[in-house]
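Containing CSV, C-alpha atoms: run.csv.
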chain,number,residue,atom,x,y,z
A,28,MET,CA,-18.9,-5.5,21.8
A,29,MET,CA,-16.4,-4.4,24.4
A,30,GLU,CA,-12.8,-3.6,23.3
A,31,GLY,CA,-10.7,-6.8,23.5
A,32,GLU,CA,-13.5,-9.3,23.3
A,33,VAL,CA,-13.3,-12.1,20.8
A,34,GLY,CA,-13.8,-10.7,17.3
A,35,GLU,CA,-12.6,-7.2,18.2
A,36,PRO,CA,-8.9,-6.6,18.2
A,37,ALA,CA,-7.7,-4.6,21.2
A,38,ILE,CA,-6.3,-1.1,20.8
A,39,SER,CA,-2.5,-1.1,21.3
A,40,LYS,CA,0.2,1.5,20.9
A,41,TYR,CA,0.0,0.9,17.2
A,42,GLY,CA,-3.8,1.2,16.9
A,43,ARG,CA,-6.5,-1.4,16.5
A,44,MET,CA,-5.0,-4.2,14.3
A,45,ARG,CA,-6.3,-7.5,13.1
A,46,SER,CA,-2.7,-8.8,13.3
A,47,PRO,CA,0.4,-7.4,14.9
A,48,VAL,CA,2.7,-9.0,12.4
A,49,LEU,CA,3.5,-5.8,10.5
A,50,PHE,CA,5.5,-4.3,13.3
A,51,GLU,CA,7.3,-7.5,14.5
A,52,GLU,CA,11.0,-8.1,14.1
A,53,GLN,CA,10.4,-10.9,11.6
A,54,VAL,CA,9.1,-8.3,9.0
A,55,GLU,CA,12.2,-6.9,7.4
A,56,SER,CA,11.0,-5.9,3.9
A,57,VAL,CA,7.7,-4.2,2.7
A,58,LEU,CA,6.5,-3.6,-0.9
A,59,THR,CA,3.8,-1.3,-2.0
A,60,ILE,CA,2.2,-1.9,-5.4
A,61,GLN,CA,0.6,1.3,-6.6
A,62,ALA,CA,-0.9,2.5,-9.8
A,63,HIS,CA,0.2,6.2,-9.8
A,64,GLN,CA,2.9,8.3,-8.3
A,65,ASP,CA,1.0,9.6,-5.3
A,66,ASP,CA,-1.2,6.6,-4.3
A,67,THR,CA,0.8,5.2,-1.4
A,68,ASP,CA,1.7,8.6,0.0
A,69,ILE,CA,-2.0,9.5,0.2
A,70,ALA,CA,-3.3,6.2,1.3
A,71,CYS,CA,-0.8,5.1,3.8
A,72,GLY,CA,2.2,7.4,4.0
A,73,GLY,CA,1.9,7.6,7.8
A,74,THR,CA,2.2,3.9,8.1
A,75,ILE,CA,5.1,3.8,5.7
A,76,ALA,CA,7.0,6.4,7.7
A,77,LYS,CA,6.4,4.4,10.9
A,78,LEU,CA,7.9,1.3,9.2
A,79,THR,CA,11.0,3.1,7.9
A,80,ARG,CA,11.6,4.7,11.3
A,81,MET,CA,11.7,1.1,12.7
A,82,GLY,CA,14.4,0.3,10.2
A,83,LYS,CA,12.3,-1.8,7.8
A,84,LYS,CA,13.1,-1.7,4.1
A,85,VAL,CA,10.3,-0.2,2.0
A,86,THR,CA,10.1,-0.4,-1.8
A,87,TYR,CA,7.6,1.5,-3.9
A,88,LEU,CA,6.5,-0.2,-7.2
A,89,LEU,CA,4.7,2.2,-9.6
A,90,LEU,CA,2.8,0.4,-12.3
A,91,THR,CA,1.8,3.3,-14.6
A,92,ASP,CA,3.5,6.4,-15.9
A,93,GLY,CA,0.9,8.7,-14.5
A,94,ARG,CA,0.7,10.9,-17.6
A,95,HIS,CA,-3.0,11.6,-17.2
A,96,GLY,CA,-2.3,13.4,-14.0
A,97,VAL,CA,-0.9,16.4,-15.8
A,98,CYS,CA,-3.7,18.1,-17.8
A,99,ASP,CA,-1.8,20.8,-19.6
A,100,LEU,CA,-1.6,20.6,-23.4
A,101,ASP,CA,1.6,22.7,-23.3
A,102,ILE,CA,3.4,20.0,-21.4
A,103,PRO,CA,4.4,16.9,-23.5
A,104,ALA,CA,3.6,13.5,-22.1
A,105,GLU,CA,7.3,12.7,-21.6
A,106,GLN,CA,7.8,15.8,-19.5
A,107,ALA,CA,4.7,15.2,-17.5
A,108,ILE,CA,5.8,11.7,-16.7
A,109,GLU,CA,9.2,12.9,-15.5
A,110,MET,CA,7.6,15.6,-13.4
A,111,ARG,CA,5.5,13.1,-11.6
A,112,ASN,CA,8.3,10.7,-11.1
A,113,GLU,CA,10.5,13.4,-9.6
A,114,GLU,CA,7.6,14.3,-7.3
A,115,GLN,CA,7.4,10.7,-6.2
A,116,ARG,CA,11.1,10.4,-5.6
A,117,ARG,CA,11.0,13.5,-3.3
A,118,ALA,CA,8.0,12.2,-1.4
A,119,ALA,CA,9.6,8.8,-1.0
A,120,GLU,CA,12.8,10.3,0.4
A,121,ILE,CA,10.8,12.3,2.9
A,122,LEU,CA,9.1,9.1,4.1
A,123,GLY,CA,12.4,7.2,4.3
A,124,VAL,CA,11.5,4.8,1.4
A,125,ASN,CA,14.6,2.8,0.3
A,126,ASP,CA,13.8,2.4,-3.4
A,127,VAL,CA,11.3,3.5,-6.0
A,128,LYS,CA,10.7,1.3,-9.1
A,129,PHE,CA,8.8,2.3,-12.2
A,130,LEU,CA,7.1,-0.1,-14.7
A,131,ASP,CA,5.9,2.8,-17.0
A,132,ILE,CA,2.8,1.2,-18.2
A,133,PRO,CA,0.7,3.9,-20.0
A,134,ASP,CA,-1.6,5.6,-17.5
A,135,GLN,CA,-5.3,4.3,-17.6
A,136,HIS,CA,-4.2,1.3,-19.7
A,137,LEU,CA,-3.5,-1.1,-16.8
A,138,ASP,CA,-5.2,-4.4,-17.2
A,139,SER,CA,-5.3,-7.7,-15.3
A,140,SER,CA,-3.2,-10.2,-17.3
A,141,LEU,CA,-1.0,-13.3,-16.8
A,142,GLU,CA,1.8,-11.3,-18.3
A,143,LEU,CA,1.6,-8.6,-15.6
A,144,ARG,CA,1.1,-11.1,-12.8
A,145,SER,CA,4.2,-13.0,-13.9
A,146,LYS,CA,6.2,-9.8,-13.9
A,147,LEU,CA,5.0,-8.9,-10.4
A,148,ILE,CA,5.8,-12.4,-9.2
A,149,GLY,CA,9.3,-12.0,-10.5
A,150,ILE,CA,9.7,-8.6,-8.7
A,151,ILE,CA,8.3,-10.0,-5.5
A,152,ARG,CA,10.7,-12.9,-5.6
A,153,ASP,CA,13.6,-10.5,-6.2
A,154,ILE,CA,12.7,-7.9,-3.5
A,155,LYS,CA,11.4,-10.6,-1.1
A,156,PRO,CA,8.8,-8.5,0.9
A,157,ASP,CA,7.3,-10.0,4.0
A,158,ILE,CA,4.3,-7.6,3.6
A,159,VAL,CA,2.7,-6.2,0.5
A,160,PHE,CA,0.5,-3.1,0.4
A,161,THR,CA,-1.9,-2.4,-2.5
A,162,PHE,CA,-5.4,-1.2,-3.4
A,163,ASP,CA,-8.6,-2.9,-2.3
A,164,PRO,CA,-9.9,-4.0,-5.8
A,165,TRP,CA,-13.3,-4.9,-4.4
A,166,ARG,CA,-14.2,-1.4,-3.3
A,167,PRO,CA,-17.6,-0.7,-4.9
A,168,TYR,CA,-17.9,2.0,-7.6
A,169,GLU,CA,-14.1,2.4,-8.0
A,170,GLY,CA,-14.0,4.0,-11.4
A,171,ASN,CA,-10.3,4.1,-11.8
A,172,ARG,CA,-9.3,1.0,-13.8
A,173,ASP,CA,-5.6,1.4,-12.8
A,174,HIS,CA,-6.6,1.1,-9.1
A,175,ARG,CA,-8.7,-1.9,-9.6
A,176,HIS,CA,-6.2,-3.8,-11.7
A,177,ALA,CA,-3.2,-2.9,-9.5
A,178,GLY,CA,-5.1,-4.4,-6.6
A,179,PHE,CA,-6.1,-7.5,-8.3
A,180,MET,CA,-2.7,-8.2,-9.8
A,181,GLY,CA,-0.9,-7.3,-6.6
A,182,ILE,CA,-3.0,-9.7,-4.6
A,183,GLU,CA,-2.6,-12.5,-7.0
A,184,ALA,CA,1.2,-12.0,-7.4
A,185,ALA,CA,1.8,-11.9,-3.7
A,186,GLY,CA,-0.3,-15.0,-3.2
A,187,PHE,CA,1.4,-17.1,-5.9
A,188,ALA,CA,5.0,-15.8,-5.4
A,189,TYR,CA,5.6,-18.9,-3.2
A,190,ASP,CA,4.0,-21.4,-5.8
A,191,MET,CA,6.7,-23.3,-7.6
A,192,TYR,CA,4.3,-23.9,-10.5
A,193,GLU,CA,3.8,-20.2,-11.2
A,194,CYS,CA,6.6,-18.8,-13.3
A,195,PRO,CA,8.8,-21.9,-13.0
A,196,GLU,CA,11.5,-20.2,-14.9
A,197,ASN,CA,11.9,-17.9,-11.9
A,198,SER,CA,11.2,-20.3,-9.1
A,199,ALA,CA,14.7,-20.5,-7.6
A,200,ASP,CA,13.8,-17.9,-5.0
A,201,LEU,CA,10.2,-18.5,-3.9
A,202,GLN,CA,8.9,-15.8,-1.6
A,203,MET,CA,6.2,-16.3,1.1
A,204,VAL,CA,4.3,-13.0,1.6
A,205,LEU,CA,2.9,-13.2,5.1
A,206,GLU,CA,0.2,-10.6,4.9
A,207,MET,CA,-1.4,-8.0,2.6
A,208,TYR,CA,-2.6,-4.6,3.6
A,209,LEU,CA,-5.3,-3.3,1.3
A,210,PHE,CA,-5.6,0.5,1.4
A,211,GLN,CA,-8.7,2.5,0.6
A,212,PRO,CA,-10.6,-0.5,1.8
A,213,PHE,CA,-14.3,-1.2,1.4
A,214,LEU,CA,-14.5,-3.2,4.7
A,215,PRO,CA,-11.6,-2.1,6.9
A,216,ASP,CA,-10.6,-4.2,9.9
A,217,THR,CA,-7.3,-2.5,10.9
A,218,TRP,CA,-6.6,1.0,12.0
A,219,ILE,CA,-3.0,2.2,12.5
A,220,ASP,CA,-2.2,5.1,14.7
A,221,ILE,CA,-0.2,7.7,12.6
A,222,THR,CA,-0.3,10.6,15.0
A,223,ASP,CA,3.4,10.6,15.3
A,224,THR,CA,3.9,10.6,11.5
A,225,ILE,CA,1.0,12.6,10.2
A,226,ASP,CA,3.2,15.7,9.7
A,227,VAL,CA,5.8,13.9,7.6
A,228,LYS,CA,3.0,12.2,5.6
A,229,LEU,CA,1.4,15.6,4.7
A,230,GLU,CA,4.8,16.9,3.7
A,231,ALA,CA,5.3,14.0,1.4
A,232,ILE,CA,1.9,14.6,-0.2
A,233,ARG,CA,2.7,18.3,-0.7
A,234,GLN,CA,5.6,17.2,-3.0
A,235,HIS,CA,3.0,16.2,-5.6
A,236,GLU,CA,2.6,19.7,-6.9
A,237,THR,CA,1.1,18.6,-10.2
A,238,GLN,CA,-1.7,17.0,-8.2
A,239,MET,CA,-2.4,20.1,-6.1
A,240,GLY,CA,-0.5,18.5,-3.2
A,241,ASP,CA,-1.3,21.3,-0.7
A,242,GLN,CA,-5.0,20.9,-1.2
A,243,ILE,CA,-4.9,17.2,-1.2
A,244,ALA,CA,-2.9,17.2,2.1
A,245,LYS,CA,-5.6,19.2,3.8
A,246,VAL,CA,-8.3,16.7,2.6
A,247,ILE,CA,-6.2,13.7,3.7
A,248,GLU,CA,-5.5,15.3,7.1
A,249,GLU,CA,-9.2,15.6,7.7
A,250,LYS,CA,-9.8,12.0,6.6
A,251,ASN,CA,-7.1,10.6,8.8
A,252,ALA,CA,-8.6,12.6,11.7
A,253,ARG,CA,-12.0,11.0,11.1
A,254,ASP,CA,-10.3,7.6,10.9
A,255,GLY,CA,-8.4,8.3,14.1
A,256,LYS,CA,-11.7,8.9,16.0
A,257,LYS,CA,-12.5,5.2,15.4
A,258,ILE,CA,-9.7,4.2,17.7
A,259,GLN,CA,-9.6,7.2,20.0
A,260,ARG,CA,-6.4,8.6,18.4
A,261,PRO,CA,-5.8,12.0,16.7
A,262,TYR,CA,-4.9,10.4,13.4
A,263,ALA,CA,-5.1,6.9,11.8
A,264,GLU,CA,-5.0,5.1,8.5
A,265,GLU,CA,-7.4,2.2,7.8
A,266,PHE,CA,-6.8,-1.1,6.0
A,267,LYS,CA,-8.2,-4.5,5.2
A,268,VAL,CA,-5.7,-7.1,6.2
A,269,LEU,CA,-5.4,-10.4,4.3
A,270,ARG,CA,-3.5,-13.3,5.9
A,271,ARG,CA,-2.3,-16.4,4.3
A,272,GLY,CA,-5.0,-19.1,4.6
A,273,PHE,CA,-5.8,-22.6,3.5
A,274,PRO,CA,-7.3,-23.9,1.3
A,275,TRP,CA,-7.6,-20.3,0.1
A,276,VAL,CA,-4.6,-18.2,-0.9
A,277,TRP,CA,-5.8,-15.4,1.4
A,278,ASP,CA,-8.1,-15.3,4.4
A,279,GLY,CA,-10.0,-12.1,4.8
A,280,LEU,CA,-12.3,-13.3,7.6
A,281,GLU,CA,-11.8,-12.0,11.1
A,282,THR,CA,-12.3,-14.9,13.5
A,283,GLU,CA,-10.3,-14.1,16.5
A,284,SER,CA,-9.0,-11.3,18.7
A,285,PHE,CA,-5.4,-10.0,18.7
A,286,ASN,CA,-3.6,-8.4,21.6
A,287,CYS,CA,-1.1,-6.1,19.8
A,288,LEU,CA,2.4,-5.8,21.1

Would you mind writing the structure in this file as C-alpha cells?
Amino acid sequence: MMEGEVGEPAISKYGRMRSPVLFEEQVESVLTIQAHQDDTDIACGGTIAKLTRMGKKVTYLLLTDGRHGVCDLDIPAEQAIEMRNEEQRRAAEILGVNDVKFLDIPDQHLDSSLELRSKLIGIIRDIKPDIVFTFDPWRPYEGNRDHRHAGFMGIEAAGFAYDMYECPENSADLQMVLEMYLFQPFLPDTWIDITDTIDVKLEAIRQHETQMGDQIAKVIEEKNARDGKKIQRPYAEEFKVLRRGFPWVWDGLETESFNCL
C-alpha cells in the first residue's frame, strides 16, 4: 500500500499518525497513567517532551511505589521508594512535566478493581486530560502484573470518566477523554517522530540511577532508532491509538486515512 492511501496514515512532520488530534490546539491537558517511576520516560519520554514544548500541560500519575526496583537488602523499603520518587521528579522536570502524583500502591500488588477504577475516574475528572497515555494491557506475554492492570484500569477509567452513572458522587465535573495512546503496544498504528527530543528523553532516563539508567538509555536509543526506520526518521516512538467510538467505549480499528497537520 502506498503512503497516504486509504487505511495508511500519511507521514507528516510529526510522524505517521492514526489521528492528528494529539498535537492540535484543542488538546490542552495530557495525563500518563504508569505503574512505576520510569515507565513513561522509557516508553514515550520523547513524545512527552514534544507536548510540553508546545505548552501542553502534562501530569504523571504513578500507581505503585516501585519498591521492588531497588534490590539491595541494606536499603529499607521506605528509602528505596523515596529514591525512586526523587529520580522520577528529576526526570519529569527535564521533560517539562507540570506535575507528578503518587498513589503509593505496593509494587507488584496492583490489581484491577472497581475501587481503583473509581479513584482513577476521580483523578481524571479533577485533572481533566484531553488525552491519556498508558500501557497496552493486551500485549501478549506481559509478565508484569502492574503493567497489565495499570493499562486495564487506565483504559476503563478514561472511558467512563464522562459517564454520569459511574461514581455519581463525583459526577459534577464529567470529563471526555478524546483519545488514548497505549505505549509498548502489541499492534502499533501510530509512530511519532522524536528526533528533536531524543536527547532530552535519554537524559531523563539517565536520572533513574537505581534502574541502571545509563544502560537503559542506550537500549532505548537503539529501539527508538529501529522504530524511526518504520517512518523514515532517525528516531520515533510507537503507540496504539484508541479513539472514542460508539457503541463501544473505544474504537481501536483503523478504517480511514489521516493527513496529519

key: CA of Phe266 (chain A) to CA of Asn251 (chain A), straight-line distance in Å   = 12.0 Å

If you take all atoms listed in the file and a cut-off of 12 Å, which residues of region 157-265 of chain A touch region 128-144 of chain A, and what are their nearest atom pairs and distances in Å to one decimal, in chain and number order, as CSV?
residue,atom,partner,partner_atom,distance
A:Pro164,CA,A:Ser139,CA,11.2
A:Gly170,CA,A:Gln135,CA,10.7
A:Asn171,CA,A:Gln135,CA,7.7
A:Arg172,CA,A:Gln135,CA,6.4
A:Asp173,CA,A:Leu137,CA,5.2
A:His174,CA,A:Leu137,CA,8.6
A:Arg175,CA,A:Asp138,CA,8.7
A:His176,CA,A:Ser139,CA,5.4
A:Ala177,CA,A:Leu137,CA,7.5
A:Gly178,CA,A:Ser139,CA,9.3
A:Phe179,CA,A:Ser139,CA,7.0
A:Met180,CA,A:Arg144,CA,5.6
A:Gly181,CA,A:Arg144,CA,7.5
A:Ile182,CA,A:Arg144,CA,9.3
A:Glu183,CA,A:Arg144,CA,7.0
A:Ala184,CA,A:Arg144,CA,5.5
A:Ala185,CA,A:Arg144,CA,9.2
A:Gly186,CA,A:Arg144,CA,10.5
A:Phe187,CA,A:Arg144,CA,9.1
A:Ala188,CA,A:Arg144,CA,9.6
A:Glu193,CA,A:Arg144,CA,9.6
A:Cys194,CA,A:Arg144,CA,9.5

Using only C-alpha atoms: which of A:Val127, A:Ile154, A:Val227, A:Ala70 has the shortest distance to Pro212 (chain A) = A:Ala70

Pick out the residues sitting within 7 Å of region 57-67 of chain A, and hand them over as a PDB file with C-alpha atoms, in the coordinates of the input; count only C-alpha atoms, and ignore anything fewer than 5 positions along from it in its own chain.
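Final output, part.pdb:
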ATOM      1  CA  GLY A  72       2.200   7.400   4.000  1.00  0.00           C
ATOM      2  CA  LYS A  84      13.100  -1.700   4.100  1.00  0.00           C
ATOM      3  CA  VAL A  85      10.300  -0.200   2.000  1.00  0.00           C
ATOM      4  CA  THR A  86      10.100  -0.400  -1.800  1.00  0.00           C
ATOM      5  CA  TYR A  87       7.600   1.500  -3.900  1.00  0.00           C
ATOM      6  CA  LEU A  88       6.500  -0.200  -7.200  1.00  0.00           C
ATOM      7  CA  LEU A  89       4.700   2.200  -9.600  1.00  0.00           C
ATOM      8  CA  LEU A  90       2.800   0.400 -12.300  1.00  0.00           C
ATOM      9  CA  THR A  91       1.800   3.300 -14.600  1.00  0.00           C
ATOM     10  CA  ASP A  92       3.500   6.400 -15.900  1.00  0.00           C
ATOM     11  CA  GLY A  93       0.900   8.700 -14.500  1.00  0.00           C
ATOM     12  CA  ARG A 111       5.500  13.100 -11.600  1.00  0.00           C
ATOM     13  CA  ASN A 112       8.300  10.700 -11.100  1.00  0.00           C
ATOM     14  CA  GLN A 115       7.400  10.700  -6.200  1.00  0.00           C
ATOM     15  CA  PRO A 156       8.800  -8.500   0.900  1.00  0.00           C
ATOM     16  CA  ASP A 157       7.300 -10.000   4.000  1.00  0.00           C
ATOM     17  CA  ILE A 158       4.300  -7.600   3.600  1.00  0.00           C
ATOM     18  CA  VAL A 159       2.700  -6.200   0.500  1.00  0.00           C
ATOM     19  CA  PHE A 160       0.500  -3.100   0.400  1.00  0.00           C
ATOM     20  CA  THR A 161      -1.900  -2.400  -2.500  1.00  0.00           C
ATOM     21  CA  ASP A 173      -5.600   1.400 -12.800  1.00  0.00           C
ATOM     22  CA  HIS A 174      -6.600   1.100  -9.100  1.00  0.00           C
ATOM     23  CA  ALA A 177      -3.200  -2.900  -9.500  1.00  0.00           C
ATOM     24  CA  GLY A 181      -0.900  -7.300  -6.600  1.00  0.00           C
ATOM     25  CA  HIS A 235       3.000  16.200  -5.600  1.00  0.00           C
TER      26      HIS A 235
END

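For the residues A:Asp190, A:Ser56, A:Gly123, A:Thr217, ranking by smallest atom-to-atom distance to Lys155 (chain A) using only C-alpha atoms places A:Ser56 first.
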
request  = Quote the spacing between CA of Gly272 (chain A) and CA of Lys83 (chain A) in Å to one decimal place.
outcome  = 24.7 Å

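If you measure from each of A:Gly240, A:Asn197, A:Glu206, A:Arg270 to Val54 (chain A) using all atoms listed in the file, the closest one turns out to be A:Glu206.
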
inquiry  = Just checking: using only C-alpha atoms, which residue out of A:Glu264, A:Leu122, A:Glu109, A:Ala199 ends up closest to Arg80 (chain A)?
reply    = A:Leu122

note = Expressed in Å, the length from CA of Asp241 (chain A) to CA of Met81 (chain A) is 27.5 Å
